[in-house]
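The structure appears below as structure tokens.
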Amino acid sequence: MSRHDRDHASARIGGTSGELRLGRESYRRHAFGDAFRSLSVADRAQPLGGDDLDLLATSAALLGRDEDARKALERAHQAYLEAGDGVRAARAALWLVFRLLARGETGRANGWLTRAKRLLEGGAHDCVEQGYLLLPAARQQLAANDCEAAYATAAAAAGIGIRFGDADLVAFSRSVQGRALMRQGRIDEGVALLDEAMVAVAAREVSPLLTGVIYCSVIDCCQQVYALGRAREWTSALAEWCEEQPDVVAFTGACRVHRAEIMQLSGDWREAIEEARRAAEGLQKGFEPKAAAAAFYQQAEVHRLRGEFAEAENDYRRANSLGLEPQPGLALLRLARGRADAAAAQIRRVVAATTDRMQRTRLLPAFVEILLAVGDVEEALGACRELEETAEAFSTDVLAAMAAHARGAVELARGDARAASGPLRRSFELWQRVGVPYIAARLRVLVGLACRAVGDDDGAELELGAARAVFEELGAAPDLASIEALAKGTRPARPHGLTSRELQVLRLVAAGKTNKTIAAELFLSEKTVDRHMSNIFTKLDVSSRSAATAFAYEHRLL
């Protein structure tokens, strides 16, 4: 007979008190499934008191039984009130606040927050709960982008946690402080505070529920500011923690989403899509729409990169149905399927609607790529400059690589291959250093095109060959098809160097249409058409519309 069976046999003999004792002991051993079962049995026989309802609520939360956790917390709150313990009742109310905010139920969360404040109001109770009371305010300040106020509020909460020796509050507060600093561009200081919080987590000083919350918060923060090294490190640590506690399912889905993104960046595409699939399945069962949407989006990204366009379309739509804007991936899918104008319309819309600086950086690289594909070089240049300003403000290798990539691509589109070469090479080296092989390979393609443009065909062949080897290993079918087309000759397939939009304009010019008519047909301003004409004249080395038309006929561009 196993220990678990012996314990349950003993509990049956002891009746309700035996199940209660077994539930408490199971909780202490972090056997949360056993704890939930035994405490539930004891509760059905005789309603539990506040402390045991707290244990039941935490066990339920860690098992992913969100509704059971909520009900147990509400009952714990009421039990503490009936026992005359307003402080513990406030603490239960605050945990309800955190859980409801995580689910996006802001109205109910504010109601419970008001109740907790009233129970603690006036500062009459000098207790650690006063510190927990500050954290929802810090969260609201972060949401309003008032990072200085959020840092100060979280620092005050941490001070209360230190005074009362509450490791949970200190670690939670430090993670909020770190996030606030990083959003101000103070990356090194913010990372130091996140590391401090994670030291407490790794040392098992923090309760199981807060351990999972802080892991996910820190990883999300690192990914938002492109601190990929730290994101990899803490994602690995979270995976180990989840494996050590098989009963804990509350964070395994989010962990898998984080791991899938890291795997994709690291070039482990097969593992990435499998991890994202498992995450989506698990999250849907527990109905965590935000995290499930992220899992579907991650699946779609890998499908798109592998050329599995129908599957990608389906998963982007599933992510959207769960409330996630599936961008920039969906716009890049439209571009890959030859619908450049649709891609441009989508990416313009979402960029225009996004005001958060770091969120914009997730869109701008795709914005540049798509706008260059439709020939709007000046608009792409504006996005490039914004990326450069953000990279300078935040000083991370990844942002620097993104900005240099955009600059090189824009200069190449403007016909200045020599100006493009430096940024492209610098971006390649940075991406290679942080271990992102796919983007590094795409940079090698651009470097190869720059080599061709200045007559260095040997250099172009070397760069394209190296990129091809990476694409083959990854299974990047669309990129392989593109590179095969580029590699057919030692000269560019399009010696004219015109973008797809400039070709559109040239063909309409050859048809005898005026700039005003062209602008109306392409839904552009006349000023934009004038700029395209100037680019066409420069690239073709002609000085008139008739000469440009003759070039188009000679090179069979019509």
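Note on naming: chains are A, B, ... as they come in the structure tokens, residues start from 1 per chain, ligands start from 1 in the order shown.
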
query = Can you tell me, as a list in words, what residues are no more than 12 Å from Gln264 (chain A) when counting only C-alpha atoms, ignoring any on the same chain fewer than 6 positions away?
reply = Arg232, Arg256, Val257, His258, Arg270, Glu271, Ala272, Ile273, Glu274, Glu275, Ala276, Gln298, Gln299, Ala300, Glu301, Val302, His303, Arg304, Leu305, Arg306, Gly435, Val436, Pro437, Tyr438, Ile439, Leu474 and Ala476 of chain A

Take the selection from the previous step and output its residues with N, CA, C and O atoms, as an mmCIF file, in the first residue's frame.
```
data_model
loop_
_atom_site.group_PDB
_atom_site.id
_atom_site.type_symbol
_atom_site.label_atom_id
_atom_site.label_comp_id
_atom_site.auth_asym_id
_atom_site.auth_seq_id
_atom_site.Cartn_x
_atom_site.Cartn_y
_atom_site.Cartn_z
ATOM 1 N N ARG A 232 15.129 33.726 -21.706
ATOM 2 C CA ARG A 232 15.488 32.312 -21.873
ATOM 3 C C ARG A 232 15.794 31.678 -20.518
ATOM 4 O O ARG A 232 15.345 30.571 -20.212
ATOM 5 N N ARG A 256 4.395 27.263 -21.375
ATOM 6 C CA ARG A 256 4.582 26.695 -22.704
ATOM 7 C C ARG A 256 4.529 27.756 -23.795
ATOM 8 O O ARG A 256 5.239 27.670 -24.799
ATOM 9 N N VAL A 257 3.680 28.766 -23.625
ATOM 10 C CA VAL A 257 3.634 29.850 -24.609
ATOM 11 C C VAL A 257 4.972 30.580 -24.631
ATOM 12 O O VAL A 257 5.533 30.868 -25.698
ATOM 13 N N HIS A 258 5.493 30.897 -23.439
ATOM 14 C CA HIS A 258 6.801 31.563 -23.371
ATOM 15 C C HIS A 258 7.878 30.696 -24.009
ATOM 16 O O HIS A 258 8.723 31.173 -24.770
ATOM 17 N N ARG A 270 10.162 23.019 -34.899
ATOM 18 C CA ARG A 270 9.330 21.835 -34.694
ATOM 19 C C ARG A 270 8.887 21.739 -33.243
ATOM 20 O O ARG A 270 7.719 21.504 -32.943
ATOM 21 N N GLU A 271 9.833 21.946 -32.324
ATOM 22 C CA GLU A 271 9.502 21.899 -30.901
ATOM 23 C C GLU A 271 8.596 23.068 -30.513
ATOM 24 O O GLU A 271 7.703 22.932 -29.679
ATOM 25 N N ALA A 272 8.825 24.220 -31.144
ATOM 26 C CA ALA A 272 8.041 25.413 -30.827
ATOM 27 C C ALA A 272 6.565 25.211 -31.134
ATOM 28 O O ALA A 272 5.689 25.545 -30.326
ATOM 29 N N ILE A 273 6.268 24.656 -32.309
ATOM 30 C CA ILE A 273 4.863 24.508 -32.680
ATOM 31 C C ILE A 273 4.183 23.436 -31.831
ATOM 32 O O ILE A 273 3.004 23.549 -31.482
ATOM 33 N N GLU A 274 4.940 22.415 -31.438
ATOM 34 C CA GLU A 274 4.370 21.381 -30.574
ATOM 35 C C GLU A 274 4.086 21.943 -29.183
ATOM 36 O O GLU A 274 3.046 21.659 -28.577
ATOM 37 N N GLU A 275 5.007 22.761 -28.683
ATOM 38 C CA GLU A 275 4.814 23.374 -27.367
ATOM 39 C C GLU A 275 3.617 24.327 -27.386
ATOM 40 O O GLU A 275 2.814 24.360 -26.455
ATOM 41 N N ALA A 276 3.493 25.098 -28.458
ATOM 42 C CA ALA A 276 2.356 26.014 -28.583
ATOM 43 C C ALA A 276 1.045 25.232 -28.680
ATOM 44 O O ALA A 276 0.021 25.638 -28.117
ATOM 45 N N GLN A 298 1.192 31.974 -31.642
ATOM 46 C CA GLN A 298 2.531 31.415 -31.758
ATOM 47 C C GLN A 298 2.543 30.253 -32.747
ATOM 48 O O GLN A 298 3.494 30.095 -33.521
ATOM 49 N N GLN A 299 1.506 29.423 -32.726
ATOM 50 C CA GLN A 299 1.390 28.359 -33.719
ATOM 51 C C GLN A 299 1.358 28.950 -35.129
ATOM 52 O O GLN A 299 2.039 28.460 -36.044
ATOM 53 N N ALA A 300 0.547 29.982 -35.300
ATOM 54 C CA ALA A 300 0.393 30.606 -36.614
ATOM 55 C C ALA A 300 1.722 31.145 -37.134
ATOM 56 O O ALA A 300 2.029 31.023 -38.327
ATOM 57 N N GLU A 301 2.517 31.717 -36.242
ATOM 58 C CA GLU A 301 3.793 32.281 -36.658
ATOM 59 C C GLU A 301 4.704 31.215 -37.258
ATOM 60 O O GLU A 301 5.334 31.427 -38.295
ATOM 61 N N VAL A 302 4.783 30.067 -36.607
ATOM 62 C CA VAL A 302 5.650 29.006 -37.122
ATOM 63 C C VAL A 302 5.102 28.459 -38.435
ATOM 64 O O VAL A 302 5.853 28.219 -39.389
ATOM 65 N N HIS A 303 3.781 28.277 -38.504
ATOM 66 C CA HIS A 303 3.174 27.820 -39.767
ATOM 67 C C HIS A 303 3.512 28.792 -40.903
ATOM 68 O O HIS A 303 3.862 28.371 -42.015
ATOM 69 N N ARG A 304 3.402 30.095 -40.628
ATOM 70 C CA ARG A 304 3.695 31.092 -41.672
ATOM 71 C C ARG A 304 5.141 30.995 -42.145
ATOM 72 O O ARG A 304 5.419 30.994 -43.348
ATOM 73 N N LEU A 305 6.061 30.899 -41.207
ATOM 74 C CA LEU A 305 7.477 30.849 -41.560
ATOM 75 C C LEU A 305 7.813 29.577 -42.342
ATOM 76 O O LEU A 305 8.734 29.577 -43.166
ATOM 77 N N ARG A 306 7.065 28.500 -42.099
ATOM 78 C CA ARG A 306 7.309 27.248 -42.813
ATOM 79 C C ARG A 306 6.547 27.164 -44.137
ATOM 80 O O ARG A 306 6.677 26.192 -44.873
ATOM 81 N N GLY A 435 21.521 34.745 -30.785
ATOM 82 C CA GLY A 435 21.041 33.398 -31.081
ATOM 83 C C GLY A 435 19.691 33.334 -31.749
ATOM 84 O O GLY A 435 18.834 32.553 -31.336
ATOM 85 N N VAL A 436 19.487 34.145 -32.800
ATOM 86 C CA VAL A 436 18.228 34.128 -33.553
ATOM 87 C C VAL A 436 18.571 33.849 -35.015
ATOM 88 O O VAL A 436 18.738 34.773 -35.821
ATOM 89 N N PRO A 437 18.688 32.574 -35.400
ATOM 90 C CA PRO A 437 19.242 32.231 -36.713
ATOM 91 C C PRO A 437 18.389 32.646 -37.905
ATOM 92 O O PRO A 437 18.931 33.008 -38.951
ATOM 93 N N TYR A 438 17.059 32.596 -37.764
ATOM 94 C CA TYR A 438 16.215 32.918 -38.921
ATOM 95 C C TYR A 438 16.393 34.368 -39.346
ATOM 96 O O TYR A 438 16.627 34.666 -40.528
ATOM 97 N N ILE A 439 16.287 35.288 -38.395
ATOM 98 C CA ILE A 439 16.417 36.702 -38.761
ATOM 99 C C ILE A 439 17.843 36.988 -39.233
ATOM 100 O O ILE A 439 18.055 37.760 -40.176
ATOM 101 N N LEU A 474 16.007 25.060 -41.105
ATOM 102 C CA LEU A 474 14.803 25.464 -40.376
ATOM 103 C C LEU A 474 13.522 24.957 -41.029
ATOM 104 O O LEU A 474 12.502 24.804 -40.361
ATOM 105 N N ALA A 476 12.273 26.754 -43.725
ATOM 106 C CA ALA A 476 11.639 28.023 -44.094
ATOM 107 C C ALA A 476 11.358 28.021 -45.596
ATOM 108 O O ALA A 476 12.090 28.627 -46.393
#
```

Using only C-alpha atoms, what table do you get, as a Markdown table, when you list each residue of region 334-434 of chain A with an atom no more than 12 Å from region 517-529 of chain A, its nearest pair of atoms, and their distance in Å rounded to one decimal, rows by chain then rising number?
```
| residue | atom | partner | partner_atom | distance |
| --- | --- | --- | --- | --- |
| A:Asp341 | CA | A:Leu522 | CA | 9.8 |
| A:Ala345 | CA | A:Phe523 | CA | 11.4 |
| A:Val374 | CA | A:Leu522 | CA | 10.9 |
| A:Gly375 | CA | A:Thr528 | CA | 10.0 |
| A:Asp376 | CA | A:Thr528 | CA | 8.1 |
| A:Val377 | CA | A:Thr528 | CA | 9.9 |
| A:Glu378 | CA | A:Thr528 | CA | 9.0 |
| A:Glu379 | CA | A:Thr528 | CA | 10.0 |
```

key: Close residues, Val454 (chain A) itself excluded, 12 Å, only C-alpha atoms, min 6 positions apart in chain, as a count of residues only   = 13

request  = In Å, rounded to a single decimal, give me how far CA of Arg444 (chain A) is from CA of Glu429 (chain A).
outcome  = 9.9 Å

task = Give me the residues within 9 Å of region 319-325 of chain A as JSON, numbers by chain, counting only C-alpha atoms and dropping any in the same chain fewer than 6 places off.
result = {"A": [289, 290, 292, 293, 294, 295, 296, 297, 300, 350]}

request  = Would you work out the distance separating CA of Leu424 (chain A) from CA of Leu363 (chain A), expressed in Å to one decimal?
outcome  = 19.3 Å

task = Identify, on the basis of only C-alpha atoms, every residue whose closest approach to region 212-228 of chain A does not exceed 8 Å; exclude the query and any residue fewer than 2 positions from it along the same chain; express the result as a PyMOL selection string.
result = chain A and resi 171-172+175+179+182-183+194+197-198+201+208-210+230-232+234-235+238+251+254-255+258+358-359+396+398-399+434

Residues near Gln184 (chain A), cut-off 10 Å, only C-alpha atoms, skip fewer than 6 positions along chain, as a VMD selection string = chain A and resid 145 to 148 190 393 to 394

request  = From region 182-358 of chain A, collect each residue whose DSSP state is alpha helix (DSSP H) and return the set as a PyMOL selection string.
outcome  = chain A and resi 182-183+187-202+208-224+228-244+252-266+269-286+289-306+309-321+329-336+340-353+357-358

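With distances restricted to only C-alpha atoms, A:Ser40 is the closest residue to Asp68 (chain A) from A:Thr114, A:Gln140, A:Thr549, A:Ser40.
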